[in-house]
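Undergrad: This structure is in structure tokens; I'll ask about it shortly.
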Amino acid sequence: MRSVLYLIVGIFFGIVLFKSEAASWFRIYEMFQFASFHMYGIIGSALVLGIIFIQIVKRSNSKSIFGETIAIQPKEKSFYRYAIGGICFGLGWALAGACPGPMYVLAGAGYIPILVVLGSAIFGTFIYGVLKNKLPH
């Protein structure tokens, strides 16, 4: 049952990403050229809504739709870890023209060349899993 719910939410999210042009290479290019507010508006509104939602969940002991208590674990305070990860993520996003969510959306929309990027991202995740214990955390 959960898998079907996740699939429905994922399909809805993909449609929203595609229709809002958040998966558009042109919009991402515009963002990195500081030529348009479109992507900054999408990212900024998602950030604000995320902050509000997390605060509501933390303060109200909310439960999931399956009745489980939602527990958000505190994150480790570390600057370099997040700075290096953010730089790697940003460089990959700039080079590929898509972050992980829109990569699947573009593949689903029939943009075949994104499969190279998607395959590379999956391979990079695999390599991280292999090297995780050897990396400084």
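If you're wondering about the labels, chains in the structure tokens are A, B, ... by order shown, residues count from 1 in each chain, ligands from 1 in order shown.
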Find the spatial neighbours of segment 94-96 of chain A, counting only C-alpha atoms, within a cut-off of 10 Å - ignore same-chain residues fewer than 4 positions away - and output them as a ChimeraX atom specification.
TA: /A:25,28-29,31-32,88-90,100,103,114,116-118,121
Undergrad: Using only C-alpha atoms, find each residue of segment 23-124 of chain A with at least one atom at most 10 Å away from an atom of segment 11-15 of chain A; report its shortest atom-to-atom pair and that distance in Å (one decimal), sort the rows by chain and rising residue number, and return the result as JSON lines.
TA:
```
{"residue": "A:Ala23", "atom": "CA", "partner": "A:Gly14", "partner_atom": "CA", "distance": 8.9}
{"residue": "A:Gly101", "atom": "CA", "partner": "A:Gly14", "partner_atom": "CA", "distance": 7.9}
{"residue": "A:Pro102", "atom": "CA", "partner": "A:Gly14", "partner_atom": "CA", "distance": 7.5}
{"residue": "A:Met103", "atom": "CA", "partner": "A:Gly14", "partner_atom": "CA", "distance": 9.9}
{"residue": "A:Tyr104", "atom": "CA", "partner": "A:Gly14", "partner_atom": "CA", "distance": 7.9}
{"residue": "A:Val105", "atom": "CA", "partner": "A:Gly14", "partner_atom": "CA", "distance": 5.4}
{"residue": "A:Leu106", "atom": "CA", "partner": "A:Gly14", "partner_atom": "CA", "distance": 8.9}
{"residue": "A:Gly108", "atom": "CA", "partner": "A:Gly14", "partner_atom": "CA", "distance": 8.6}
{"residue": "A:Ala109", "atom": "CA", "partner": "A:Gly14", "partner_atom": "CA", "distance": 9.4}
```
Undergrad: Taking the backbone alone, and naming residues the way the document does, which bits of segment 9-85 of chain A are helix (DSSP H, G or I) by DSSP, as a VMD selection string?
TA: chain A and resid 9 to 19 25 to 32 38 to 60 79 to 85
